[in-house]
Each structure stands twice: as structure tokens, then as C-alpha cells.
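**Q** One structure is given below, represented as C-alpha cells, and several questions about it will come after.
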Amino acid sequence: MVWSCCIPFCESKGNKGSKLKLHKFPLDKNRQTLWVKSIQNFEPSYIMKKSHYVCQCHFLSTDYELNNLLKKTAVPSVFSEVITLLPYTIFEDNSNFPSQ
């Protein structure tokens, strides 16, 4: 199964085992509200659904612990319409991995 980032204009996709990190919304309602409000600052019409994921492109490097887990206090804060120019799709076999 392939999951997509729910942020408007972002075309990032991944599947289980891919290198792209996709994060589910927090279960904690207060944190969930912070995430939704942050996204709505970028796209006011955004409505969260349980099936939505936010990809790593929308978090700062400082939002991650040393073990690459998202910090409990992290809130998506990186938004840009430019993301559509560089879709970030990585699958388990690392196909479509951007060269560095």
C-alpha cells in the first residue's frame, strides 16, 4: 500500500519500509489541534482525516530525536507550493530515490 502526504501541494509518497518518513497525526487532541492549525495557516480549507499522514518534508531537522524519531513536541512547520516541483517518492526498493 502507498501512503501520500496530506499537505496541499506536496506530492510525497511512500510505503512500508520506505526511507521517507510519514507521520500520523498525534492521538492527543491538543497536539492534533496544533498540527491542524499549523497546516491551516498554509491552507485554510484543510480538514484533517484519520487516514492522513504528514511527511518528513514538513518538519525541521530539530523536530527529530537523535534516533530519528519525531519528538512529541514537533509540529509541522515547513510549507511551500514549490514542493510540487520536486515530488519525493521513495519505495521499499529505493526506486525514485533522488540522487545526491
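Following the order of the C-alpha cells, first chain is A, next is B, and so on, with residues numbered from 1 inside each chain and ligands from 1 in the order they appear.
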Report as a list in words: the residues of chain A with a DSSP assignment of strand (DSSP E or B), based on the backbone of this structure.
**A** Val2, Trp3, Ser4, Cys5, Lys13, Gly14, Asn15, Leu22, His23, Lys24, Tyr53, Val54, Cys55, Tyr64, Leu70, Thr89 and Ile90 of chain A
**Q** Show which residues sit within 10 Å of stretch 29-46 of chain A, as number ranges by chain. Count only C-alpha atoms, and ignore same-chain residues fewer than 4 positions away.
**A** A: 6-9, 24-25, 54, 58, 72-81
**Q** Name the closest residue to A:Lys50 among the candidates A:His23, A:Leu70, A:Ser18, A:Glu65; distances are taken between atoms, counting only C-alpha atoms.
**A**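 Residue with the minimum atom-to-atom distance to A:Lys50: A:His23.
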**Q** Hey, which of A:Val2, A:Cys10, A:Cys55, A:Asn68 ends up closest to A:Leu22? Count only C-alpha atoms.
**A**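 Looking only at the distances to A:Leu22, the closest residue turns out to be A:Cys55.
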